[in-house]
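Undergrad: Sharing work_13.tsv here; it has TSV, C-alpha atoms.
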```tsv
chain	number	residue	atom	x	y	z
A	1	MET	CA	-133.02	181.04	-49.40
A	2	ARG	CA	-135.62	183.15	-47.71
A	3	LEU	CA	-137.61	180.02	-46.92
A	4	ALA	CA	-134.81	178.28	-45.02
A	5	HIS	CA	-134.24	181.38	-42.88
A	6	SER	CA	-137.98	181.70	-42.28
A	7	PHE	CA	-138.14	178.03	-41.23
A	8	ALA	CA	-135.36	178.68	-38.70
A	9	ILE	CA	-137.16	181.74	-37.33
A	10	GLU	CA	-140.37	179.72	-37.01
A	11	ASN	CA	-139.00	176.54	-35.40
A	12	ASP	CA	-136.31	176.40	-32.69
A	13	PHE	CA	-135.08	172.98	-33.84
A	14	ILE	CA	-134.06	174.43	-37.19
A	15	ARG	CA	-130.96	176.41	-38.08
A	16	ALA	CA	-130.35	177.75	-41.57
A	17	ASP	CA	-127.16	178.87	-43.29
A	18	CYS	CA	-127.11	180.83	-46.51
A	19	ILE	CA	-123.73	180.18	-48.18
A	20	GLU	CA	-122.23	182.17	-51.05
A	21	ALA	CA	-120.99	179.26	-53.18
A	22	THR	CA	-118.21	181.20	-54.92
A	23	GLU	CA	-116.52	182.08	-51.62
A	24	PHE	CA	-116.47	178.60	-50.09
A	25	PRO	CA	-114.99	176.17	-52.62
A	26	ASP	CA	-114.29	173.51	-49.96
A	27	ALA	CA	-117.94	173.32	-48.88
A	28	VAL	CA	-118.98	173.35	-52.55
A	29	ALA	CA	-116.68	170.41	-53.31
A	30	GLN	CA	-117.77	168.50	-50.21
A	31	HIS	CA	-121.45	168.73	-51.14
A	32	ARG	CA	-120.91	168.53	-54.92
A	33	VAL	CA	-122.68	171.78	-55.66
A	34	TYR	CA	-122.82	172.07	-59.46
A	35	ALA	CA	-125.86	174.35	-59.62
A	36	VAL	CA	-127.57	176.72	-57.21
A	37	PRO	CA	-129.65	176.94	-55.20
A	38	LYS	CA	-128.82	173.63	-53.57
A	39	THR	CA	-130.02	172.81	-50.07
A	40	VAL	CA	-128.10	170.39	-47.85
A	41	ILE	CA	-130.18	168.71	-45.12
A	42	ASN	CA	-128.30	167.70	-41.97
A	43	GLY	CA	-125.08	167.47	-43.97
A	44	SER	CA	-126.19	164.55	-46.11
A	45	ALA	CA	-129.46	164.81	-48.06
A	46	TYR	CA	-130.03	167.30	-50.84
A	47	ILE	CA	-132.71	169.38	-52.50
A	48	GLU	CA	-131.80	170.78	-55.92
A	49	GLY	CA	-133.27	174.03	-57.21
A	50	ALA	CA	-135.75	176.51	-55.81
A	51	LEU	CA	-139.08	175.06	-54.74
A	52	PRO	CA	-142.32	176.74	-53.68
A	53	GLU	CA	-142.94	176.93	-49.93
A	54	GLU	CA	-145.10	173.80	-49.57
A	55	PHE	CA	-142.94	171.57	-51.81
A	56	PHE	CA	-139.73	172.69	-50.12
A	57	LEU	CA	-141.15	171.81	-46.70
A	58	ASP	CA	-142.60	168.49	-47.90
A	59	SER	CA	-139.20	167.50	-49.36
A	60	ILE	CA	-137.53	168.25	-46.03
A	61	LEU	CA	-140.18	166.35	-44.05
A	62	LYS	CA	-139.72	163.31	-46.30
A	63	GLN	CA	-135.95	163.40	-45.73
A	64	LEU	CA	-136.60	163.44	-41.99
A	65	GLY	CA	-138.96	160.48	-42.26
A	66	ILE	CA	-142.03	162.54	-41.39
A	67	ASP	CA	-145.14	161.97	-43.49
A	68	PRO	CA	-146.04	165.39	-44.94
A	69	GLU	CA	-149.72	164.43	-45.02
A	70	ASN	CA	-150.44	163.39	-41.45
A	71	GLY	CA	-147.29	164.09	-39.49
A	72	THR	CA	-146.65	160.56	-38.30
A	73	GLN	CA	-143.10	159.33	-38.06
A	74	ASP	CA	-142.21	156.79	-40.73
A	75	SER	CA	-140.45	153.91	-38.94
A	76	THR	CA	-138.33	153.14	-42.00
A	77	GLY	CA	-136.91	156.66	-41.68
B	1	MET	CA	-115.42	203.08	-53.62
B	2	PRO	CA	-118.39	202.47	-51.33
B	3	LEU	CA	-120.33	199.27	-52.00
B	4	LEU	CA	-123.66	200.96	-51.54
B	5	ARG	CA	-124.46	204.20	-53.34
B	6	GLU	CA	-126.45	206.98	-51.71
B	7	SER	CA	-129.52	205.91	-53.68
B	8	ASP	CA	-129.15	202.31	-52.40
B	9	LEU	CA	-128.83	203.55	-48.85
B	10	ALA	CA	-131.98	205.66	-49.22
B	11	GLU	CA	-133.87	202.61	-50.47
B	12	ILE	CA	-132.59	200.45	-47.59
B	13	ARG	CA	-133.47	203.13	-45.04
B	14	ASP	CA	-136.94	203.16	-46.49
B	15	ARG	CA	-137.36	199.37	-46.29
B	16	LEU	CA	-136.00	199.19	-42.75
B	17	ARG	CA	-138.55	201.74	-41.55
B	18	GLU	CA	-140.80	198.69	-41.19
B	19	MET	CA	-138.55	197.37	-38.41
B	20	ALA	CA	-140.40	196.93	-35.12
B	21	SER	CA	-137.87	195.72	-32.54
B	22	PRO	CA	-134.06	195.98	-32.62
B	23	VAL	CA	-131.96	193.42	-34.52
B	24	LYS	CA	-128.29	192.63	-34.06
B	25	LEU	CA	-125.85	191.59	-36.77
B	26	ILE	CA	-122.95	189.62	-35.33
B	27	HIS	CA	-120.17	189.43	-37.86
B	28	PHE	CA	-117.16	187.11	-37.79
B	29	THR	CA	-114.19	187.88	-39.97
B	30	GLN	CA	-110.40	187.81	-40.18
B	31	GLU	CA	-107.87	190.34	-41.48
B	32	LEU	CA	-105.79	188.09	-43.69
B	33	ASN	CA	-106.43	185.62	-46.48
B	34	LEU	CA	-110.06	186.48	-46.93
B	35	GLU	CA	-110.99	187.55	-50.43
B	36	TYR	CA	-114.17	189.47	-49.67
B	37	GLY	CA	-113.67	190.00	-45.95
B	38	ARG	CA	-113.12	193.74	-46.13
B	39	GLU	CA	-116.06	194.25	-48.48
B	40	ALA	CA	-118.40	192.19	-46.32
B	41	ARG	CA	-117.50	194.17	-43.22
B	42	MET	CA	-117.86	197.52	-45.01
B	43	LEU	CA	-121.21	196.51	-46.43
B	44	LEU	CA	-122.52	195.56	-42.99
B	45	GLU	CA	-121.16	198.79	-41.49
B	46	ASP	CA	-123.02	200.80	-44.13
B	47	LEU	CA	-126.13	198.70	-43.63
B	48	SER	CA	-126.18	199.04	-39.85
B	49	GLY	CA	-125.94	202.82	-40.26
B	50	THR	CA	-129.27	202.94	-42.05
B	51	SER	CA	-131.48	202.21	-39.02
B	52	ASP	CA	-131.12	202.99	-35.34
B	53	LYS	CA	-132.82	199.64	-34.69
B	54	LEU	CA	-129.97	197.79	-36.36
B	55	SER	CA	-126.61	197.25	-34.65
B	56	LEU	CA	-123.40	195.54	-35.68
B	57	GLU	CA	-120.93	193.60	-33.57
B	58	VAL	CA	-117.68	192.42	-35.21
B	59	HIS	CA	-115.59	189.51	-33.93
B	60	ASN	CA	-112.25	188.10	-34.95
B	61	PHE	CA	-112.69	184.51	-36.14
B	62	LEU	CA	-109.12	183.49	-35.28
B	63	LEU	CA	-108.86	185.12	-31.85
B	64	GLU	CA	-112.33	185.03	-30.30
B	65	LYS	CA	-112.72	181.26	-29.91
B	66	GLU	CA	-115.47	181.49	-27.31
B	67	LYS	CA	-117.73	183.60	-29.52
B	68	VAL	CA	-116.96	181.37	-32.50
B	69	ALA	CA	-118.00	178.31	-30.48
B	70	GLU	CA	-121.07	180.05	-29.04
B	71	TYR	CA	-122.41	180.69	-32.54
B	72	ALA	CA	-121.00	177.48	-34.08
B	73	ILE	CA	-119.21	179.41	-36.84
B	74	ASP	CA	-117.02	177.20	-39.05
B	75	LYS	CA	-116.03	179.56	-41.88
B	76	VAL	CA	-115.79	183.30	-42.57
B	77	PRO	CA	-117.04	185.84	-43.38
B	78	ALA	CA	-120.08	184.85	-41.32
B	79	THR	CA	-123.00	186.92	-40.12
B	80	VAL	CA	-125.52	185.98	-37.45
B	81	ILE	CA	-128.86	187.77	-37.57
B	82	ARG	CA	-130.58	187.79	-34.18
B	83	ASP	CA	-132.44	189.78	-31.56
B	84	GLY	CA	-132.72	188.81	-27.89
B	85	LYS	CA	-132.84	185.26	-29.24
B	86	ASP	CA	-130.54	183.36	-31.61
B	87	TYR	CA	-132.80	181.72	-34.22
B	88	GLY	CA	-129.95	179.90	-35.97
B	89	VAL	CA	-130.04	182.28	-38.92
B	90	ARG	CA	-126.61	182.65	-40.57
B	91	PHE	CA	-125.21	184.18	-43.70
B	92	TYR	CA	-121.82	183.03	-44.99
B	93	GLY	CA	-119.98	185.26	-47.45
B	94	LEU	CA	-120.52	188.71	-48.89
B	95	PRO	CA	-124.26	189.37	-49.08
B	96	ALA	CA	-124.15	191.06	-52.48
B	97	GLY	CA	-126.71	191.36	-55.26
B	98	TYR	CA	-129.86	189.33	-54.83
B	99	GLU	CA	-128.63	187.90	-51.54
B	100	PHE	CA	-128.49	191.34	-50.01
B	101	SER	CA	-132.23	191.38	-50.25
B	102	THR	CA	-132.33	187.95	-48.52
B	103	LEU	CA	-130.41	189.54	-45.66
B	104	LEU	CA	-132.86	192.45	-45.44
B	105	ASP	CA	-135.75	189.98	-45.38
B	106	ALA	CA	-134.21	188.03	-42.49
B	107	ILE	CA	-133.71	191.31	-40.59
B	108	LEU	CA	-137.31	192.37	-41.17
B	109	HIS	CA	-138.78	188.95	-40.31
B	110	ILE	CA	-136.90	188.83	-37.01
B	111	SER	CA	-137.67	192.46	-36.21
B	112	LYS	CA	-141.39	192.00	-36.86
B	113	ASN	CA	-141.39	188.61	-35.13
B	114	ASP	CA	-143.00	187.06	-38.19
B	115	SER	CA	-141.43	184.42	-40.44
B	116	GLY	CA	-143.68	185.48	-43.33
B	117	LEU	CA	-144.72	181.87	-43.94
B	118	LYS	CA	-148.23	180.70	-44.80
B	119	PRO	CA	-150.35	179.49	-41.84
B	120	GLU	CA	-150.42	175.91	-43.20
B	121	THR	CA	-146.61	175.90	-43.53
B	122	LYS	CA	-146.24	177.06	-39.92
B	123	GLU	CA	-148.56	174.28	-38.79
B	124	LYS	CA	-146.62	171.62	-40.71
B	125	LEU	CA	-143.27	172.99	-39.55
B	126	ALA	CA	-144.29	172.38	-35.96
B	127	ARG	CA	-144.02	168.63	-36.72
B	128	ILE	CA	-140.26	168.96	-36.82
B	129	ASN	CA	-139.07	168.21	-33.31
B	130	GLN	CA	-135.53	167.05	-34.00
B	131	PRO	CA	-132.47	169.16	-34.82
B	132	LEU	CA	-132.46	170.18	-38.48
B	133	HIS	CA	-129.59	171.98	-40.19
B	134	LEU	CA	-130.27	173.52	-43.59
B	135	GLU	CA	-127.39	174.81	-45.71
B	136	VAL	CA	-128.47	176.62	-48.83
B	137	PHE	CA	-125.81	177.31	-51.46
B	138	VAL	CA	-126.45	180.40	-53.56
B	139	THR	CA	-124.60	182.75	-55.90
B	140	PRO	CA	-124.79	186.54	-55.91
B	141	THR	CA	-126.56	186.98	-59.27
```
Could I get this structure in the form of C-alpha coordinates?
TA:
Amino acid sequence: MRLAHSFAIENDFIRADCIEATEFPDAVAQHRVYAVPKTVINGSAYIEGALPEEFFLDSILKQLGIDPENGTQDSTG
Amino acid sequence: MPLLRESDLAEIRDRLREMASPVKLIHFTQELNLEYGREARMLLEDLSGTSDKLSLEVHNFLLEKEKVAEYAIDKVPATVIRDGKDYGVRFYGLPAGYEFSTLLDAILHISKNDSGLKPETKEKLARINQPLHLEVFVTPT
(Lines of atoms letter the chains of each structure in order from A and count residues from 1; the text may use other names and numbers.)
(Lines give C-alpha, C1' and ligand atoms only; values in the text may rest on other atoms or scores of the structure.)
Protein backbone atom coordinates (compact mmCIF):
# COMPACT_ATOMS: atom_id res chain seq x y z
CA MET A 1 0.00 0.00 0.00
CA ARG A 2 2.82 2.34 0.80
CA LEU A 3 3.83 2.32 -2.86
CA ALA A 4 0.47 3.52 -4.18
CA HIS A 5 0.45 6.41 -1.68
CA SER A 6 4.05 7.25 -2.59
CA PHE A 7 3.14 7.24 -6.29
CA ALA A 8 0.33 9.72 -5.56
CA ILE A 9 2.67 11.97 -3.58
CA GLU A 10 5.19 11.88 -6.43
CA ASN A 11 2.87 12.47 -9.40
CA ASP A 12 -0.08 14.90 -9.48
CA PHE A 13 -1.99 12.78 -12.01
CA ILE A 14 -2.19 9.92 -9.52
CA ARG A 15 -4.55 9.47 -6.60
CA ALA A 16 -4.37 6.46 -4.30
CA ASP A 17 -6.92 4.97 -1.93
CA CYS A 18 -6.08 2.42 0.71
CA ILE A 19 -9.28 0.48 1.47
CA GLU A 20 -9.86 -1.80 4.47
CA ALA A 21 -11.53 -4.70 2.66
CA THR A 22 -13.50 -5.97 5.68
CA GLU A 23 -15.30 -2.65 6.12
CA PHE A 24 -16.41 -2.15 2.52
CA PRO A 25 -18.15 -5.32 1.33
CA ASP A 26 -19.82 -3.55 -1.62
CA ALA A 27 -16.49 -2.39 -3.08
CA VAL A 28 -15.04 -5.85 -2.41
CA ALA A 29 -17.90 -7.51 -4.30
CA GLN A 30 -17.72 -5.02 -7.16
CA HIS A 31 -14.02 -5.66 -7.73
CA ARG A 32 -14.13 -9.37 -6.80
CA VAL A 33 -11.51 -9.09 -4.10
CA TYR A 34 -10.83 -12.64 -2.90
CA ALA A 35 -7.32 -12.02 -1.59
CA VAL A 36 -5.38 -8.96 -0.49
CA PRO A 37 -3.57 -6.87 -1.38
CA LYS A 38 -5.41 -6.28 -4.63
CA THR A 39 -4.90 -3.09 -6.62
CA VAL A 40 -7.62 -1.72 -8.89
CA ILE A 41 -6.40 0.53 -11.72
CA ASN A 42 -8.84 3.18 -12.93
CA GLY A 43 -11.74 1.04 -11.74
CA SER A 44 -11.16 -1.78 -14.21
CA ALA A 45 -7.72 -3.41 -14.38
CA TYR A 46 -6.19 -5.36 -11.52
CA ILE A 47 -2.89 -6.24 -9.92
CA GLU A 48 -2.99 -9.17 -7.50
CA GLY A 49 -0.59 -9.44 -4.57
CA ALA A 50 2.25 -7.28 -3.32
CA LEU A 51 4.95 -6.49 -5.87
CA PRO A 52 8.35 -4.85 -5.48
CA GLU A 53 8.52 -1.17 -6.44
CA GLU A 54 9.76 -1.60 -10.03
CA PHE A 55 7.40 -4.47 -10.92
CA PHE A 56 4.40 -2.69 -9.42
CA LEU A 57 5.11 0.41 -11.50
CA ASP A 58 5.81 -1.59 -14.67
CA SER A 59 2.47 -3.44 -14.27
CA ILE A 60 0.65 -0.12 -13.96
CA LEU A 61 2.47 1.39 -16.96
CA LYS A 62 1.52 -1.64 -19.07
CA GLN A 63 -2.13 -1.25 -18.09
CA LEU A 64 -1.96 2.38 -19.18
CA GLY A 65 -0.42 1.41 -22.52
CA ILE A 66 2.94 2.96 -21.68
CA ASP A 67 6.04 0.94 -22.54
CA PRO A 68 7.95 0.55 -19.25
CA GLU A 69 11.25 0.38 -21.15
CA ASN A 70 11.23 3.55 -23.22
CA GLY A 71 8.15 5.47 -22.20
CA THR A 72 6.49 5.60 -25.59
CA GLN A 73 2.74 5.32 -25.80
CA ASP A 74 1.57 2.00 -27.23
CA SER A 75 -1.07 2.83 -29.85
CA THR A 76 -2.92 -0.42 -29.20
CA GLY A 77 -3.43 0.79 -25.63
CA MET B 1 -10.76 1.24 26.39
CA PRO B 2 -8.35 3.41 24.41
CA LEU B 3 -7.21 1.97 21.08
CA LEU B 4 -3.65 3.04 21.60
CA ARG B 5 -1.83 2.25 24.83
CA GLU B 6 0.59 4.70 26.44
CA SER B 7 3.50 2.65 25.10
CA ASP B 8 2.07 2.86 21.54
CA LEU B 9 1.65 6.60 21.87
CA ALA B 10 5.25 6.99 23.04
CA GLU B 11 6.43 5.03 20.01
CA ILE B 12 4.30 7.12 17.64
CA ARG B 13 5.52 10.36 19.22
CA ASP B 14 9.03 9.15 18.65
CA ARG B 15 8.44 8.30 14.98
CA LEU B 16 6.66 11.58 14.28
CA ARG B 17 9.61 13.56 15.62
CA GLU B 18 10.94 13.17 12.09
CA MET B 19 8.11 15.36 10.78
CA ALA B 20 9.37 18.48 9.02
CA SER B 21 6.32 20.50 7.94
CA PRO B 22 2.74 20.31 9.26
CA VAL B 23 0.31 17.67 7.96
CA LYS B 24 -3.47 17.71 8.14
CA LEU B 25 -5.75 14.70 8.55
CA ILE B 26 -9.20 15.39 7.16
CA HIS B 27 -11.61 12.78 8.40
CA PHE B 28 -15.09 12.05 7.07
CA THR B 29 -17.48 10.03 9.17
CA GLN B 30 -21.11 9.63 10.21
CA GLU B 31 -22.73 8.96 13.59
CA LEU B 32 -25.03 6.12 12.66
CA ASN B 33 -24.70 2.78 10.90
CA LEU B 34 -20.95 2.77 10.80
CA GLU B 35 -19.35 -0.24 12.43
CA TYR B 36 -15.90 1.18 13.12
CA GLY B 37 -16.71 4.87 12.81
CA ARG B 38 -16.26 5.71 16.46
CA GLU B 39 -13.02 3.73 16.72
CA ALA B 40 -11.56 5.35 13.61
CA ARG B 41 -12.30 8.83 14.90
CA MET B 42 -10.89 8.06 18.36
CA LEU B 43 -7.76 6.58 16.85
CA LEU B 44 -7.17 9.69 14.74
CA GLU B 45 -7.83 11.96 17.72
CA ASP B 46 -5.21 10.07 19.73
CA LEU B 47 -2.82 10.12 16.80
CA SER B 48 -3.16 13.84 16.14
CA GLY B 49 -2.37 14.49 19.80
CA THR B 50 1.08 12.97 19.45
CA SER B 51 2.64 15.78 17.39
CA ASP B 52 2.04 19.51 17.27
CA LYS B 53 2.74 19.29 13.53
CA LEU B 54 -0.27 17.03 13.03
CA SER B 55 -3.83 18.35 13.03
CA LEU B 56 -7.22 16.73 12.60
CA GLU B 57 -10.34 18.09 10.96
CA VAL B 58 -13.56 16.03 11.19
CA HIS B 59 -16.46 16.35 8.75
CA ASN B 60 -19.91 14.82 8.64
CA PHE B 61 -20.25 12.70 5.49
CA LEU B 62 -24.03 13.06 5.33
CA LEU B 63 -24.29 16.79 6.03
CA GLU B 64 -21.18 18.42 4.58
CA LYS B 65 -21.81 17.77 0.89
CA GLU B 66 -19.43 20.45 -0.33
CA LYS B 67 -16.46 19.03 1.56
CA VAL B 68 -17.40 15.52 0.47
CA ALA B 69 -17.42 16.66 -3.17
CA GLU B 70 -14.22 18.67 -2.78
CA TYR B 71 -12.34 15.55 -1.67
CA ALA B 72 -14.33 13.11 -3.86
CA ILE B 73 -15.21 10.92 -0.87
CA ASP B 74 -17.60 8.07 -1.74
CA LYS B 75 -17.60 5.98 1.45
CA VAL B 76 -16.79 6.35 5.15
CA PRO B 77 -14.85 6.34 7.36
CA ALA B 78 -12.44 8.18 5.07
CA THR B 79 -9.26 10.05 5.87
CA VAL B 80 -7.41 12.47 3.61
CA ILE B 81 -3.73 13.02 4.37
CA ARG B 82 -2.49 16.36 3.04
CA ASP B 83 -0.52 19.52 3.71
CA GLY B 84 -0.95 22.78 1.79
CA LYS B 85 -1.58 20.51 -1.18
CA ASP B 86 -3.97 17.58 -1.70
CA TYR B 87 -1.91 14.74 -3.18
CA GLY B 88 -4.89 12.42 -3.62
CA VAL B 89 -3.83 10.25 -0.69
CA ARG B 90 -6.82 8.61 1.02
CA PHE B 91 -7.39 5.96 3.63
CA TYR B 92 -10.78 4.24 3.84
CA GLY B 93 -11.68 2.41 7.04
CA LEU B 94 -10.10 2.02 10.45
CA PRO B 95 -6.32 2.20 10.07
CA ALA B 96 -5.58 -0.59 12.53
CA GLY B 97 -2.71 -3.05 12.80
CA TYR B 98 -0.25 -3.05 9.94
CA GLU B 99 -2.21 -0.36 8.12
CA PHE B 100 -1.65 2.06 10.96
CA SER B 101 1.98 2.03 10.01
CA THR B 102 0.98 2.73 6.37
CA LEU B 103 -0.80 5.83 7.64
CA LEU B 104 2.26 6.96 9.60
CA ASP B 105 4.40 6.48 6.49
CA ALA B 106 2.07 8.63 4.38
CA ILE B 107 2.19 11.35 7.07
CA LEU B 108 5.99 11.26 7.19
CA HIS B 109 6.42 11.20 3.41
CA ILE B 110 4.18 14.25 2.98
CA SER B 111 5.75 16.05 5.92
CA LYS B 112 9.28 15.49 4.62
CA ASN B 113 8.21 16.20 1.05
CA ASP B 114 9.73 12.91 -0.06
CA SER B 115 7.83 9.94 -1.49
CA GLY B 116 10.61 7.58 -0.40
CA LEU B 117 10.76 6.04 -3.89
CA LYS B 118 13.93 5.06 -5.73
CA PRO B 119 15.29 7.66 -8.19
CA GLU B 120 14.62 5.36 -11.18
CA THR B 121 11.01 4.86 -10.04
CA LYS B 122 10.50 8.62 -9.79
CA GLU B 123 11.88 9.04 -13.29
CA LYS B 124 9.57 6.37 -14.73
CA LEU B 125 6.57 7.70 -12.82
CA ALA B 126 6.95 11.02 -14.59
CA ARG B 127 5.83 9.24 -17.79
CA ILE B 128 2.32 9.05 -16.41
CA ASN B 129 0.56 12.15 -17.67
CA GLN B 130 -3.05 10.99 -17.58
CA PRO B 131 -5.35 10.65 -14.56
CA LEU B 132 -4.65 7.42 -12.68
CA HIS B 133 -6.73 6.14 -9.79
CA LEU B 134 -5.27 3.34 -7.68
CA GLU B 135 -7.44 1.53 -5.14
CA VAL B 136 -5.56 -0.91 -2.97
CA PHE B 137 -7.62 -3.37 -0.93
CA VAL B 138 -5.96 -4.49 2.30
CA THR B 139 -6.85 -6.17 5.59
CA PRO B 140 -5.70 -5.12 9.05
CA THR B 141 -3.47 -8.13 9.82
Undergrad: In Å, with one decimal, what is the gap from atom CA of B:Lys53 to atom CA of B:Tyr87?
TA: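 So the two atoms, atom CA of B:Lys53 and atom CA of B:Tyr87, lie 17.9 Å apart.
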Undergrad: Tell me which protein, DNA and RNA residues are within 12 Å of stretch 68-70 of chain A, counting all atoms listed in the file, leaving out same-chain ones fewer than 3 positions away, and put them as a PDB file with C-alpha atoms, keeping the file's coordinate frame.
TA:
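The resulting file, around06.pdb, is reproduced below:
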```
ATOM      1  CA  GLU A  54    -145.100 173.800 -49.570  1.00  0.00           C
ATOM      2  CA  PHE A  55    -142.940 171.570 -51.810  1.00  0.00           C
ATOM      3  CA  PHE A  56    -139.730 172.690 -50.120  1.00  0.00           C
ATOM      4  CA  LEU A  57    -141.150 171.810 -46.700  1.00  0.00           C
ATOM      5  CA  ASP A  58    -142.600 168.490 -47.900  1.00  0.00           C
ATOM      6  CA  SER A  59    -139.200 167.500 -49.360  1.00  0.00           C
ATOM      7  CA  ILE A  60    -137.530 168.250 -46.030  1.00  0.00           C
ATOM      8  CA  LEU A  61    -140.180 166.350 -44.050  1.00  0.00           C
ATOM      9  CA  LYS A  62    -139.720 163.310 -46.300  1.00  0.00           C
ATOM     10  CA  GLN A  63    -135.950 163.400 -45.730  1.00  0.00           C
ATOM     11  CA  LEU A  64    -136.600 163.440 -41.990  1.00  0.00           C
ATOM     12  CA  GLY A  65    -138.960 160.480 -42.260  1.00  0.00           C
ATOM     13  CA  GLN A  73    -143.100 159.330 -38.060  1.00  0.00           C
ATOM     14  CA  ASP A  74    -142.210 156.790 -40.730  1.00  0.00           C
TER      15      ASP A  74
ATOM     16  CA  GLU B 120    -150.420 175.910 -43.200  1.00  0.00           C
ATOM     17  CA  THR B 121    -146.610 175.900 -43.530  1.00  0.00           C
ATOM     18  CA  GLU B 123    -148.560 174.280 -38.790  1.00  0.00           C
ATOM     19  CA  LYS B 124    -146.620 171.620 -40.710  1.00  0.00           C
ATOM     20  CA  LEU B 125    -143.270 172.990 -39.550  1.00  0.00           C
ATOM     21  CA  ALA B 126    -144.290 172.380 -35.960  1.00  0.00           C
ATOM     22  CA  ARG B 127    -144.020 168.630 -36.720  1.00  0.00           C
ATOM     23  CA  ILE B 128    -140.260 168.960 -36.820  1.00  0.00           C
TER      24      ILE B 128
END
```
Undergrad: Please report the interatomic distance between atom CA of A:Gln30 and atom CA of B:Phe137 in Å with one decimal.
TA: 12.0 Å
Undergrad: Identify all chain B residues at most 9 Å from chain A by counting only C-alpha atoms; ligands do not count. Present them as a PyMOL selection string.
TA: chain B and resi 35-36+75-76+86-95+99+102-103+105-106+109-110+113-118+120-122+124-140
Undergrad: Figure out the distance between atom CA of B:Val68 and atom CA of B:His27, please, to one decimal in Å.
TA: 10.2 Å
Undergrad: Leaving out B:Lys67 and any residue of its chain fewer than 3 positions from it, which residues lie within 12 Å of it when counting all atoms listed in the file, given as an NGL selection string?
TA: :B and (26-29 or 57-64 or 70-74 or 80)
